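Q: Got a file for you: run13.cif, mmCIF, C-alpha atoms, pLDDT in the B column; chains and numbers go by the auth columns.
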```cif
data_structure
#
loop_
_atom_site.group_PDB
_atom_site.id
_atom_site.type_symbol
_atom_site.label_atom_id
_atom_site.label_comp_id
_atom_site.label_asym_id
_atom_site.label_seq_id
_atom_site.Cartn_x
_atom_site.Cartn_y
_atom_site.Cartn_z
_atom_site.B_iso_or_equiv
_atom_site.auth_seq_id
_atom_site.auth_asym_id
ATOM 1 C CA MET A 1 0.000 0.000 0.000 71.00 1 A
ATOM 2 C CA SER A 2 1.514 3.308 -1.104 91.00 2 A
ATOM 3 C CA TYR A 3 0.680 6.925 -0.281 98.00 3 A
ATOM 4 C CA SER A 4 1.616 10.376 -1.537 98.00 4 A
ATOM 5 C CA LEU A 5 1.908 13.306 0.857 98.00 5 A
ATOM 6 C CA TYR A 6 1.793 16.977 -0.106 97.00 6 A
ATOM 7 C CA TYR A 7 4.645 18.228 1.999 97.00 7 A
ATOM 8 C CA ALA A 8 6.779 21.154 3.144 94.00 8 A
ATOM 9 C CA ASP A 9 9.387 21.351 5.867 92.00 9 A
ATOM 10 C CA ARG A 10 8.410 23.177 9.084 88.00 10 A
ATOM 11 C CA SER A 11 4.733 22.494 8.457 92.00 11 A
ATOM 12 C CA ALA A 12 2.044 20.190 9.847 95.00 12 A
ATOM 13 C CA ALA A 13 2.912 17.769 7.058 97.00 13 A
ATOM 14 C CA MET A 14 5.998 16.811 9.074 97.00 14 A
ATOM 15 C CA GLY A 15 3.790 15.174 11.700 97.00 15 A
ATOM 16 C CA ALA A 16 1.966 13.156 9.051 98.00 16 A
ATOM 17 C CA ARG A 17 5.303 12.122 7.572 98.00 17 A
ATOM 18 C CA VAL A 18 6.515 10.852 10.953 98.00 18 A
ATOM 19 C CA ILE A 19 3.363 8.717 11.207 98.00 19 A
ATOM 20 C CA LEU A 20 4.106 7.227 7.784 98.00 20 A
ATOM 21 C CA GLU A 21 7.675 6.513 8.870 97.00 21 A
ATOM 22 C CA GLU A 22 6.449 4.836 12.051 98.00 22 A
ATOM 23 C CA LEU A 23 4.082 2.669 10.036 97.00 23 A
ATOM 24 C CA GLY A 24 6.853 1.615 7.655 96.00 24 A
ATOM 25 C CA THR A 25 4.527 1.904 4.678 95.00 25 A
ATOM 26 C CA PRO A 26 5.761 3.177 1.273 96.00 26 A
ATOM 27 C CA TYR A 27 5.083 6.823 0.484 97.00 27 A
ATOM 28 C CA ASP A 28 6.169 9.611 -1.845 97.00 28 A
ATOM 29 C CA LEU A 29 6.501 13.298 -1.061 97.00 29 A
ATOM 30 C CA ILE A 30 4.996 15.998 -3.246 97.00 30 A
ATOM 31 C CA TRP A 31 7.075 19.025 -2.314 95.00 31 A
ATOM 32 C CA THR A 32 4.879 22.095 -1.932 94.00 32 A
ATOM 33 C CA ASP A 33 5.735 25.779 -1.695 91.00 33 A
ATOM 34 C CA ILE A 34 3.617 27.285 1.095 85.00 34 A
ATOM 35 C CA LEU A 35 5.640 30.415 1.736 83.00 35 A
ATOM 36 C CA PRO A 36 3.619 33.660 1.890 78.00 36 A
ATOM 37 C CA GLY A 37 2.815 34.878 -1.605 78.00 37 A
ATOM 38 C CA SER A 38 3.333 31.501 -3.260 86.00 38 A
ATOM 39 C CA THR A 39 0.808 30.166 -5.765 88.00 39 A
ATOM 40 C CA ARG A 40 -0.798 26.839 -4.962 89.00 40 A
ATOM 41 C CA GLU A 41 -0.782 24.225 -7.684 91.00 41 A
ATOM 42 C CA PRO A 42 -4.185 23.404 -9.259 94.00 42 A
ATOM 43 C CA GLU A 43 -3.744 19.736 -8.311 95.00 43 A
ATOM 44 C CA LEU A 44 -3.439 20.678 -4.628 95.00 44 A
ATOM 45 C CA LEU A 45 -6.426 23.020 -4.762 95.00 45 A
ATOM 46 C CA SER A 46 -8.547 20.299 -6.345 96.00 46 A
ATOM 47 C CA LEU A 47 -7.865 18.129 -3.298 96.00 47 A
ATOM 48 C CA ASN A 48 -7.961 20.869 -0.645 96.00 48 A
ATOM 49 C CA PRO A 49 -9.596 24.133 -1.727 96.00 49 A
ATOM 50 C CA ASN A 50 -7.933 25.847 1.246 92.00 50 A
ATOM 51 C CA GLY A 51 -4.534 25.230 -0.344 92.00 51 A
ATOM 52 C CA TRP A 52 -3.120 23.942 2.940 92.00 52 A
ATOM 53 C CA ILE A 53 -1.055 20.875 3.666 96.00 53 A
ATOM 54 C CA PRO A 54 -0.757 18.071 4.556 97.00 54 A
ATOM 55 C CA VAL A 55 -2.890 16.280 2.009 98.00 55 A
ATOM 56 C CA LEU A 56 -2.637 12.497 1.918 98.00 56 A
ATOM 57 C CA VAL A 57 -3.363 10.746 -1.364 98.00 57 A
ATOM 58 C CA TRP A 58 -3.784 7.029 -1.999 96.00 58 A
ATOM 59 C CA GLN A 59 -5.264 4.987 -4.805 90.00 59 A
ATOM 60 C CA GLU A 60 -8.878 5.315 -3.782 86.00 60 A
ATOM 61 C CA SER A 61 -9.087 8.844 -2.407 95.00 61 A
ATOM 62 C CA ALA A 62 -7.440 11.763 -0.569 97.00 62 A
ATOM 63 C CA ILE A 63 -7.928 13.609 2.719 98.00 63 A
ATOM 64 C CA TYR A 64 -6.537 16.714 4.372 97.00 64 A
ATOM 65 C CA GLU A 65 -6.123 17.984 7.978 96.00 65 A
ATOM 66 C CA CYS A 66 -3.268 16.514 10.007 96.00 66 A
ATOM 67 C CA GLY A 67 -5.541 15.232 12.772 96.00 67 A
ATOM 68 C CA ALA A 68 -7.782 13.394 10.315 97.00 68 A
ATOM 69 C CA ILE A 69 -4.764 11.928 8.521 98.00 69 A
ATOM 70 C CA THR A 70 -3.375 10.732 11.851 98.00 70 A
ATOM 71 C CA VAL A 71 -6.596 8.947 12.832 98.00 71 A
ATOM 72 C CA PHE A 72 -7.026 7.464 9.350 98.00 72 A
ATOM 73 C CA LEU A 73 -3.499 6.084 9.057 98.00 73 A
ATOM 74 C CA CYS A 74 -3.282 4.711 12.594 98.00 74 A
ATOM 75 C CA ASP A 75 -6.635 2.942 12.253 98.00 75 A
ATOM 76 C CA ARG A 76 -5.833 1.628 8.784 97.00 76 A
ATOM 77 C CA HIS A 77 -2.514 0.250 10.043 97.00 77 A
ATOM 78 C CA SER A 78 -3.588 -0.770 13.525 97.00 78 A
ATOM 79 C CA GLU A 79 -0.866 -3.411 13.700 97.00 79 A
ATOM 80 C CA ALA A 80 1.635 -0.577 14.379 97.00 80 A
ATOM 81 C CA GLY A 81 -0.028 0.087 17.731 97.00 81 A
ATOM 82 C CA LEU A 82 0.032 3.871 17.441 98.00 82 A
ATOM 83 C CA ALA A 83 -3.566 4.331 18.568 98.00 83 A
ATOM 84 C CA PRO A 84 -6.033 2.669 20.920 98.00 84 A
ATOM 85 C CA ALA A 85 -8.575 0.658 18.954 97.00 85 A
ATOM 86 C CA PRO A 86 -12.270 1.608 18.944 95.00 86 A
ATOM 87 C CA GLY A 87 -13.664 0.159 22.138 96.00 87 A
ATOM 88 C CA ASP A 88 -10.375 0.528 24.014 97.00 88 A
ATOM 89 C CA PRO A 89 -10.895 2.499 27.277 97.00 89 A
ATOM 90 C CA GLU A 90 -8.124 4.940 26.211 98.00 90 A
ATOM 91 C CA ARG A 91 -9.650 5.672 22.792 98.00 91 A
ATOM 92 C CA GLY A 92 -11.612 8.672 24.038 98.00 92 A
ATOM 93 C CA LEU A 93 -8.592 10.326 25.635 98.00 93 A
ATOM 94 C CA TYR A 94 -6.535 9.725 22.500 98.00 94 A
ATOM 95 C CA LEU A 95 -9.159 11.393 20.311 98.00 95 A
ATOM 96 C CA GLN A 96 -9.569 14.209 22.827 98.00 96 A
ATOM 97 C CA TRP A 97 -5.921 15.207 22.511 98.00 97 A
ATOM 98 C CA LEU A 98 -5.867 14.974 18.730 98.00 98 A
ATOM 99 C CA PHE A 99 -8.910 17.245 18.479 97.00 99 A
ATOM 100 C CA PHE A 100 -7.548 19.613 21.124 98.00 100 A
ATOM 101 C CA PHE A 101 -4.261 19.928 19.243 97.00 101 A
ATOM 102 C CA SER A 102 -5.810 20.323 15.794 95.00 102 A
ATOM 103 C CA SER A 103 -8.400 22.875 16.861 93.00 103 A
ATOM 104 C CA SER A 104 -7.449 24.828 19.964 94.00 104 A
ATOM 105 C CA LEU A 105 -3.638 24.772 19.847 94.00 105 A
ATOM 106 C CA GLN A 106 -3.191 25.018 16.098 92.00 106 A
ATOM 107 C CA ASN A 107 -5.672 27.883 15.954 90.00 107 A
ATOM 108 C CA ALA A 108 -3.721 29.770 18.616 91.00 108 A
ATOM 109 C CA TYR A 109 -0.554 29.266 16.575 91.00 109 A
ATOM 110 C CA GLN A 110 -2.321 30.469 13.436 85.00 110 A
ATOM 111 C CA MET A 111 -3.226 33.693 15.203 82.00 111 A
ATOM 112 C CA THR A 112 0.406 34.358 16.137 86.00 112 A
ATOM 113 C CA TYR A 113 1.962 33.365 12.805 80.00 113 A
ATOM 114 C CA HIS A 114 -0.748 34.884 10.601 72.00 114 A
ATOM 115 C CA THR A 115 -2.359 37.583 12.707 69.00 115 A
ATOM 116 C CA GLU A 116 -3.499 39.470 9.620 68.00 116 A
ATOM 117 C CA ARG A 117 -5.965 36.687 8.810 69.00 117 A
ATOM 118 C CA PHE A 118 -7.893 37.448 12.004 66.00 118 A
ATOM 119 C CA CYS A 119 -8.027 41.259 11.803 66.00 119 A
ATOM 120 C CA SER A 120 -10.038 43.647 9.705 69.00 120 A
ATOM 121 C CA SER A 121 -7.409 46.378 10.132 70.00 121 A
ATOM 122 C CA LYS A 122 -3.704 46.635 10.940 75.00 122 A
ATOM 123 C CA GLU A 123 -4.547 48.579 14.092 70.00 123 A
ATOM 124 C CA ASP A 124 -6.016 45.415 15.616 66.00 124 A
ATOM 125 C CA GLN A 125 -3.034 43.161 14.973 69.00 125 A
ATOM 126 C CA THR A 126 -1.014 44.051 18.061 76.00 126 A
ATOM 127 C CA SER A 127 -3.933 43.295 20.367 74.00 127 A
ATOM 128 C CA VAL A 128 -4.777 40.035 18.610 70.00 128 A
ATOM 129 C CA LYS A 129 -1.182 38.870 18.662 75.00 129 A
ATOM 130 C CA ARG A 130 -0.824 39.685 22.370 78.00 130 A
ATOM 131 C CA ARG A 131 -3.976 37.771 23.280 82.00 131 A
ATOM 132 C CA SER A 132 -3.159 34.805 21.035 78.00 132 A
ATOM 133 C CA ASN A 133 0.271 34.479 22.630 87.00 133 A
ATOM 134 C CA SER A 134 -1.250 34.434 26.099 88.00 134 A
ATOM 135 C CA ARG A 135 -3.803 31.913 24.850 92.00 135 A
ATOM 136 C CA LEU A 136 -0.955 29.746 23.574 94.00 136 A
ATOM 137 C CA ARG A 137 0.562 29.790 27.049 95.00 137 A
ATOM 138 C CA GLU A 138 -2.779 28.883 28.650 96.00 138 A
ATOM 139 C CA LEU A 139 -3.340 25.951 26.312 97.00 139 A
ATOM 140 C CA TRP A 140 0.134 24.498 26.734 98.00 140 A
ATOM 141 C CA GLN A 141 -0.329 24.770 30.499 98.00 141 A
ATOM 142 C CA VAL A 142 -3.477 22.660 30.189 98.00 142 A
ATOM 143 C CA VAL A 143 -1.426 19.977 28.423 98.00 143 A
ATOM 144 C CA ASP A 144 1.420 20.214 30.930 98.00 144 A
ATOM 145 C CA ASP A 145 -0.929 19.846 33.885 98.00 145 A
ATOM 146 C CA ALA A 146 -2.702 16.903 32.273 98.00 146 A
ATOM 147 C CA ILE A 147 0.549 15.003 31.704 98.00 147 A
ATOM 148 C CA GLY A 148 1.700 15.480 35.283 98.00 148 A
ATOM 149 C CA GLU A 149 4.091 12.682 36.186 97.00 149 A
ATOM 150 C CA SER A 150 2.848 10.337 33.431 98.00 150 A
ATOM 151 C CA ASP A 151 5.196 8.969 30.799 98.00 151 A
ATOM 152 C CA TRP A 152 2.943 9.950 27.875 98.00 152 A
ATOM 153 C CA LEU A 153 -0.332 11.694 27.134 98.00 153 A
ATOM 154 C CA LEU A 154 -2.117 8.365 27.616 98.00 154 A
ATOM 155 C CA GLY A 155 -0.209 7.526 30.781 97.00 155 A
ATOM 156 C CA LYS A 156 2.068 4.542 30.261 97.00 156 A
ATOM 157 C CA ARG A 157 1.187 4.147 26.589 97.00 157 A
ATOM 158 C CA PHE A 158 2.957 5.892 23.710 98.00 158 A
ATOM 159 C CA SER A 159 0.655 6.932 20.862 98.00 159 A
ATOM 160 C CA ALA A 160 0.394 9.106 17.792 98.00 160 A
ATOM 161 C CA ALA A 161 -0.922 11.850 20.085 98.00 161 A
ATOM 162 C CA ASP A 162 2.597 12.196 21.492 98.00 162 A
ATOM 163 C CA ILE A 163 3.971 12.645 17.974 98.00 163 A
ATOM 164 C CA TYR A 164 1.401 15.402 17.412 98.00 164 A
ATOM 165 C CA LEU A 165 2.451 17.018 20.689 98.00 165 A
ATOM 166 C CA PHE A 166 6.085 17.005 19.618 97.00 166 A
ATOM 167 C CA MET A 167 5.260 18.531 16.233 97.00 167 A
ATOM 168 C CA LEU A 168 3.437 21.414 17.905 97.00 168 A
ATOM 169 C CA THR A 169 6.321 22.108 20.280 96.00 169 A
ATOM 170 C CA THR A 170 8.587 22.688 17.271 95.00 170 A
ATOM 171 C CA TRP A 171 6.470 25.707 16.326 94.00 171 A
ATOM 172 C CA LEU A 172 7.221 27.558 19.564 94.00 172 A
ATOM 173 C CA ASN A 173 9.385 30.550 18.694 89.00 173 A
ATOM 174 C CA GLU A 174 10.491 33.204 21.127 87.00 174 A
ATOM 175 C CA SER A 175 11.017 35.706 18.305 86.00 175 A
ATOM 176 C CA LEU A 176 7.212 35.725 18.004 87.00 176 A
ATOM 177 C CA GLU A 177 6.946 36.185 21.786 89.00 177 A
ATOM 178 C CA HIS A 178 5.780 32.618 22.306 93.00 178 A
ATOM 179 C CA PRO A 179 6.375 31.040 25.696 94.00 179 A
ATOM 180 C CA SER A 180 9.457 28.836 25.865 94.00 180 A
ATOM 181 C CA LEU A 181 9.181 25.057 25.848 95.00 181 A
ATOM 182 C CA GLU A 182 11.045 25.058 29.154 96.00 182 A
ATOM 183 C CA SER A 183 8.009 26.791 30.707 96.00 183 A
ATOM 184 C CA PHE A 184 6.177 23.463 30.466 98.00 184 A
ATOM 185 C CA PRO A 185 8.475 20.819 31.981 98.00 185 A
ATOM 186 C CA ASN A 186 6.128 17.873 31.494 98.00 186 A
ATOM 187 C CA VAL A 187 5.517 18.745 27.851 98.00 187 A
ATOM 188 C CA GLU A 188 9.251 19.235 27.393 98.00 188 A
ATOM 189 C CA ARG A 189 9.962 15.816 28.903 98.00 189 A
ATOM 190 C CA VAL A 190 7.498 14.017 26.615 98.00 190 A
ATOM 191 C CA ALA A 191 8.752 15.944 23.581 97.00 191 A
ATOM 192 C CA ALA A 192 12.335 14.950 24.418 96.00 192 A
ATOM 193 C CA GLU A 193 11.343 11.279 24.533 97.00 193 A
ATOM 194 C CA VAL A 194 9.547 11.543 21.190 98.00 194 A
ATOM 195 C CA MET A 195 12.594 13.274 19.714 95.00 195 A
ATOM 196 C CA ASN A 196 14.637 10.146 20.477 95.00 196 A
ATOM 197 C CA ARG A 197 12.543 7.981 18.184 97.00 197 A
ATOM 198 C CA PRO A 198 14.375 7.076 14.928 97.00 198 A
ATOM 199 C CA SER A 199 11.483 8.291 12.762 97.00 199 A
ATOM 200 C CA VAL A 200 11.519 11.716 14.415 97.00 200 A
ATOM 201 C CA ALA A 201 15.308 11.947 14.366 95.00 201 A
ATOM 202 C CA ARG A 202 15.228 11.441 10.586 95.00 202 A
ATOM 203 C CA ILE A 203 12.412 13.845 9.732 96.00 203 A
ATOM 204 C CA TYR A 204 13.351 16.544 12.246 95.00 204 A
ATOM 205 C CA ALA A 205 17.138 16.313 11.919 93.00 205 A
ATOM 206 C CA SER A 206 17.525 20.005 11.079 89.00 206 A
ATOM 207 C CA TYR A 207 15.256 21.131 13.928 89.00 207 A
ATOM 208 C CA ILE A 208 17.001 18.880 16.439 88.00 208 A
ATOM 209 C CA SER A 209 20.414 20.133 15.340 85.00 209 A
ATOM 210 C CA ASP A 210 19.314 23.767 15.709 82.00 210 A
ATOM 211 C CA ARG A 211 17.727 23.118 19.106 77.00 211 A
ATOM 212 C CA LEU A 212 20.817 21.389 20.458 73.00 212 A
ATOM 213 C CA ALA A 213 22.864 24.336 19.204 73.00 213 A
ATOM 214 C CA GLY A 214 20.537 26.767 20.977 70.00 214 A
ATOM 215 C CA LYS A 215 19.160 28.316 17.789 65.00 215 A
ATOM 216 C CA SER A 216 15.598 29.576 17.641 58.00 216 A
ATOM 217 C CA GLY A 217 14.990 28.643 14.010 52.00 217 A
ATOM 218 C CA ASP A 218 13.010 30.267 11.250 48.00 218 A
ATOM 219 C CA PRO A 219 9.390 30.884 12.282 46.00 219 A
ATOM 220 C CA ARG A 220 8.099 30.405 8.719 50.00 220 A
ATOM 221 C CA PRO A 221 6.145 28.722 7.275 52.00 221 A
ATOM 222 C CA GLY A 222 4.805 27.256 10.523 59.00 222 A
ATOM 223 C CA PRO A 223 1.131 26.276 10.820 63.00 223 A
#
```
Take the structure from the file and write it as C-alpha cells.

A:
Amino acid sequence: MSYSLYYADRSAAMGARVILEELGTPYDLIWTDILPGSTREPELLSLNPNGWIPVLVWQESAIYECGAITVFLCDRHSEAGLAPAPGDPERGLYLQWLFFFSSSLQNAYQMTYHTERFCSSKEDQTSVKRRSNSRLRELWQVVDDAIGESDWLLGKRFSAADIYLFMLTTWLNESLEHPSLESFPNVERVAAEVMNRPSVARIYASYISDRLAGKSGDPRPGP
C-alpha cells in the first residue's frame, strides 16, 4: 500500500510524515511551496480548496487535515499500535488530545503566525497577537498539567498523540513572543522522549540540530 503526501518542511505535514515513517509503509513526497505569496498548484487546490497541507493521497481517495490523517493512518494500520482501537478504554482520551491539538492549539498558533488573517485592520493586529500568545501559554499549560508525572499523554502508553504534541512544540518561537518550551516541563519531557525515536530523528534532523545548538529557528512557514 503506497501513499503520496503533499509536503513542506516546518509544516504540519511533518507530523503526518513521521506517522508514515512509524508505520513503515511506502510513500512519496509531493514538495509544496507554502511560503507567503506563493501560488498553490491546481492539483493541490482540487484536493484541498484551502490550499493547505498536509494532504494524503492514496489509490482510492485523498484527505486533508493533520488530525484526520493521523486517525485514518493509525486505524488503517492498527498493527503498528500507534492508537487505541475503537472500544479501548483509552480511545476517548486519545481522540480528545488529537482534536484539542488540531483545533485549539493550532488555531492559537495560526493567530500568532498569521495575525493578519484574524483582523479587519492593521490597528487590531497588536492586540490580537498579544492575546493569542497568552492563549498559547494557557493551552500548553493545560497539556502540561494533564501530563503530570505520566510517561505519555495516555499515561504509560505511547501513541500518535505524542507525535502530534512534539510537532506542535517545534512551532514555539520566542522571536514571536511565544512562551518557551522550558516553561512546560512535562511537555518538554514528553517531547524529548519523542525526539529520540528514529522516525523523528530522521524527519526533524535540522530542527534537532538547531535546538541542540541553541538556535531559535526560522518561524516560517509554521502552521

Q: What is the distance, in Å and to one decimal place, between CA of Leu44 (chain A) and CA of Ile30 (chain A)?

A: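 Interatomic distance, CA of Leu44 (chain A) to CA of Ile30 (chain A): 9.7 Å.
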
Q: Using the chain letters and numbers from this file, what does the PyMOL selection byres ((chain A and resi 158-171) around 7) select? Give the answer as a PyMOL selection string.

A: chain A and resi 15+82-83+94+97-98+152-154+156-157+172-173+181+191+194+222

Q: Could you name the residues that touch Tyr7 (chain A) at 6 Å or less, counting all atoms listed in the file, but leaving out those on the same chain fewer than 2 positions away, as a list in words?

A: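 Contacts, in chain order: Leu5, Ala13, Ile30, Trp31, Thr32 and Pro54 of chain A.
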
Q: Which of these, A:Pro49, A:Gln141, A:His178, A:Val55, has the shortest distance to Tyr109 (chain A) once you count only C-alpha atoms?

A: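 Among the listed residues, the smallest separation from Tyr109 (chain A) belongs to A:His178.
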
Q: Mind listing as an MDAnalysis selection string all residues within 7 Å of (-3.6, 5.3, 4.6), counting all atoms listed in the file?

A: chainID A and resid 3 58 72:73 76

Q: Which one is closest to Leu212 (chain A): A:Asp75, A:Gly92, A:Ala192, A:Leu56? Count all atoms listed in the file.

A: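 Looking only at the distances to Leu212 (chain A), the closest residue turns out to be A:Ala192.
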
Q: Using the chain letters and residue numbers of this document, give as an MDAnalysis selection string the residues selected by the PyMOL selection byres ((chain A and resi 140) around 12).

A: chainID A and resid 97 100:101 104:106 108:109 133:139 141:147 165:166 168:169 172 178:188

Q: As an exercise, work out the distance from CA of Arg17 (chain A) to CA of Leu29 (chain A) in Å and give it to one decimal place.

A: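 Straight-line distance from CA of Arg17 (chain A) to CA of Leu29 (chain A) works out to 8.8 Å.
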
Q: Expand the PyMOL selection byres ((chain A and resi 23) around 12) into the explicit residue set it covers here, and present it as an NGL selection string.

A: :A and (1-3 or 16-22 or 24-27 or 70 or 73-83 or 160 or 199)

Q: Point out the residue among A:Asp28, A:Glu149, A:Glu177, A:Asp88 with the least atom-to-atom distance to Lys129 (chain A), counting only C-alpha atoms.

A: A:Glu177

Q: For CA of Ala68 (chain A) and CA of Leu176 (chain A), determine how far apart the two atoms are, in Å to one decimal place.

A: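 Atom-to-atom, CA of Ala68 (chain A) to CA of Leu176 (chain A), that is 28.0 Å.
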
Q: Extract region 130-160 of chain A from the structure I just pasted (atoms: N, CA and C atoms) and return it as a PDB file, in the first residue's frame.

A:
```
ATOM      1  N   ARG A 130      -1.086  39.759  20.932  1.00  0.00           N
ATOM      2  CA  ARG A 130      -0.824  39.685  22.370  1.00  0.00           C
ATOM      3  C   ARG A 130      -1.745  38.659  23.029  1.00  0.00           C
ATOM      4  N   ARG A 131      -3.024  38.710  22.678  1.00  0.00           N
ATOM      5  CA  ARG A 131      -3.976  37.771  23.280  1.00  0.00           C
ATOM      6  C   ARG A 131      -3.728  36.345  22.804  1.00  0.00           C
ATOM      7  N   SER A 132      -3.388  36.156  21.546  1.00  0.00           N
ATOM      8  CA  SER A 132      -3.159  34.805  21.035  1.00  0.00           C
ATOM      9  C   SER A 132      -1.922  34.189  21.660  1.00  0.00           C
ATOM     10  N   ASN A 133      -0.910  35.000  21.952  1.00  0.00           N
ATOM     11  CA  ASN A 133       0.271  34.479  22.630  1.00  0.00           C
ATOM     12  C   ASN A 133      -0.049  34.051  24.059  1.00  0.00           C
ATOM     13  N   SER A 134      -0.868  34.833  24.744  1.00  0.00           N
ATOM     14  CA  SER A 134      -1.250  34.434  26.099  1.00  0.00           C
ATOM     15  C   SER A 134      -2.143  33.199  26.058  1.00  0.00           C
ATOM     16  N   ARG A 135      -2.964  33.104  25.020  1.00  0.00           N
ATOM     17  CA  ARG A 135      -3.803  31.913  24.850  1.00  0.00           C
ATOM     18  C   ARG A 135      -2.938  30.688  24.606  1.00  0.00           C
ATOM     19  N   LEU A 136      -1.882  30.846  23.830  1.00  0.00           N
ATOM     20  CA  LEU A 136      -0.955  29.746  23.574  1.00  0.00           C
ATOM     21  C   LEU A 136      -0.355  29.249  24.885  1.00  0.00           C
ATOM     22  N   ARG A 137       0.013  30.176  25.742  1.00  0.00           N
ATOM     23  CA  ARG A 137       0.562  29.790  27.049  1.00  0.00           C
ATOM     24  C   ARG A 137      -0.489  29.050  27.877  1.00  0.00           C
ATOM     25  N   GLU A 138      -1.718  29.532  27.883  1.00  0.00           N
ATOM     26  CA  GLU A 138      -2.779  28.883  28.650  1.00  0.00           C
ATOM     27  C   GLU A 138      -3.019  27.448  28.177  1.00  0.00           C
ATOM     28  N   LEU A 139      -3.040  27.270  26.869  1.00  0.00           N
ATOM     29  CA  LEU A 139      -3.340  25.951  26.312  1.00  0.00           C
ATOM     30  C   LEU A 139      -2.216  24.952  26.580  1.00  0.00           C
ATOM     31  N   TRP A 140      -0.975  25.403  26.439  1.00  0.00           N
ATOM     32  CA  TRP A 140       0.134  24.498  26.734  1.00  0.00           C
ATOM     33  C   TRP A 140       0.166  24.153  28.223  1.00  0.00           C
ATOM     34  N   GLN A 141      -0.275  25.064  29.065  1.00  0.00           N
ATOM     35  CA  GLN A 141      -0.329  24.770  30.499  1.00  0.00           C
ATOM     36  C   GLN A 141      -1.365  23.693  30.786  1.00  0.00           C
ATOM     37  N   VAL A 142      -2.473  23.719  30.055  1.00  0.00           N
ATOM     38  CA  VAL A 142      -3.477  22.660  30.189  1.00  0.00           C
ATOM     39  C   VAL A 142      -2.850  21.300  29.883  1.00  0.00           C
ATOM     40  N   VAL A 143      -2.069  21.234  28.804  1.00  0.00           N
ATOM     41  CA  VAL A 143      -1.426  19.977  28.423  1.00  0.00           C
ATOM     42  C   VAL A 143      -0.411  19.555  29.482  1.00  0.00           C
ATOM     43  N   ASP A 144       0.386  20.512  29.937  1.00  0.00           N
ATOM     44  CA  ASP A 144       1.420  20.214  30.930  1.00  0.00           C
ATOM     45  C   ASP A 144       0.810  19.668  32.218  1.00  0.00           C
ATOM     46  N   ASP A 145      -0.262  20.299  32.665  1.00  0.00           N
ATOM     47  CA  ASP A 145      -0.929  19.846  33.885  1.00  0.00           C
ATOM     48  C   ASP A 145      -1.527  18.450  33.700  1.00  0.00           C
ATOM     49  N   ALA A 146      -2.067  18.197  32.531  1.00  0.00           N
ATOM     50  CA  ALA A 146      -2.702  16.903  32.273  1.00  0.00           C
ATOM     51  C   ALA A 146      -1.679  15.771  32.246  1.00  0.00           C
ATOM     52  N   ILE A 147      -0.495  16.028  31.728  1.00  0.00           N
ATOM     53  CA  ILE A 147       0.549  15.003  31.704  1.00  0.00           C
ATOM     54  C   ILE A 147       1.006  14.675  33.114  1.00  0.00           C
ATOM     55  N   GLY A 148       1.236  15.712  33.918  1.00  0.00           N
ATOM     56  CA  GLY A 148       1.700  15.480  35.283  1.00  0.00           C
ATOM     57  C   GLY A 148       2.956  14.636  35.309  1.00  0.00           C
ATOM     58  N   GLU A 149       2.941  13.563  36.072  1.00  0.00           N
ATOM     59  CA  GLU A 149       4.091  12.682  36.186  1.00  0.00           C
ATOM     60  C   GLU A 149       4.002  11.475  35.246  1.00  0.00           C
ATOM     61  N   SER A 150       3.018  11.466  34.353  1.00  0.00           N
ATOM     62  CA  SER A 150       2.848  10.337  33.431  1.00  0.00           C
ATOM     63  C   SER A 150       3.968  10.295  32.402  1.00  0.00           C
ATOM     64  N   ASP A 151       4.172   9.124  31.829  1.00  0.00           N
ATOM     65  CA  ASP A 151       5.196   8.969  30.799  1.00  0.00           C
ATOM     66  C   ASP A 151       4.774   9.621  29.488  1.00  0.00           C
ATOM     67  N   TRP A 152       3.473   9.478  29.154  1.00  0.00           N
ATOM     68  CA  TRP A 152       2.943   9.950  27.875  1.00  0.00           C
ATOM     69  C   TRP A 152       1.576  10.580  28.094  1.00  0.00           C
ATOM     70  N   LEU A 153       1.004  11.104  27.039  1.00  0.00           N
ATOM     71  CA  LEU A 153      -0.332  11.694  27.134  1.00  0.00           C
ATOM     72  C   LEU A 153      -1.374  10.671  27.595  1.00  0.00           C
ATOM     73  N   LEU A 154      -1.187   9.411  27.217  1.00  0.00           N
ATOM     74  CA  LEU A 154      -2.117   8.365  27.616  1.00  0.00           C
ATOM     75  C   LEU A 154      -1.613   7.588  28.827  1.00  0.00           C
ATOM     76  N   GLY A 155      -0.726   8.186  29.584  1.00  0.00           N
ATOM     77  CA  GLY A 155      -0.209   7.526  30.781  1.00  0.00           C
ATOM     78  C   GLY A 155       1.039   6.732  30.470  1.00  0.00           C
ATOM     79  N   LYS A 156       0.926   5.413  30.517  1.00  0.00           N
ATOM     80  CA  LYS A 156       2.068   4.542  30.261  1.00  0.00           C
ATOM     81  C   LYS A 156       2.219   4.183  28.789  1.00  0.00           C
ATOM     82  N   ARG A 157       1.282   4.616  27.974  1.00  0.00           N
ATOM     83  CA  ARG A 157       1.187   4.147  26.589  1.00  0.00           C
ATOM     84  C   ARG A 157       1.567   5.238  25.596  1.00  0.00           C
ATOM     85  N   PHE A 158       2.595   4.984  24.793  1.00  0.00           N
ATOM     86  CA  PHE A 158       2.957   5.892  23.710  1.00  0.00           C
ATOM     87  C   PHE A 158       1.923   5.793  22.600  1.00  0.00           C
ATOM     88  N   SER A 159       1.620   6.929  21.970  1.00  0.00           N
ATOM     89  CA  SER A 159       0.655   6.932  20.862  1.00  0.00           C
ATOM     90  C   SER A 159       0.977   8.045  19.880  1.00  0.00           C
ATOM     91  N   ALA A 160       0.229   8.051  18.795  1.00  0.00           N
ATOM     92  CA  ALA A 160       0.394   9.106  17.792  1.00  0.00           C
ATOM     93  C   ALA A 160       0.107  10.482  18.368  1.00  0.00           C
TER      94      ALA A 160
END
```
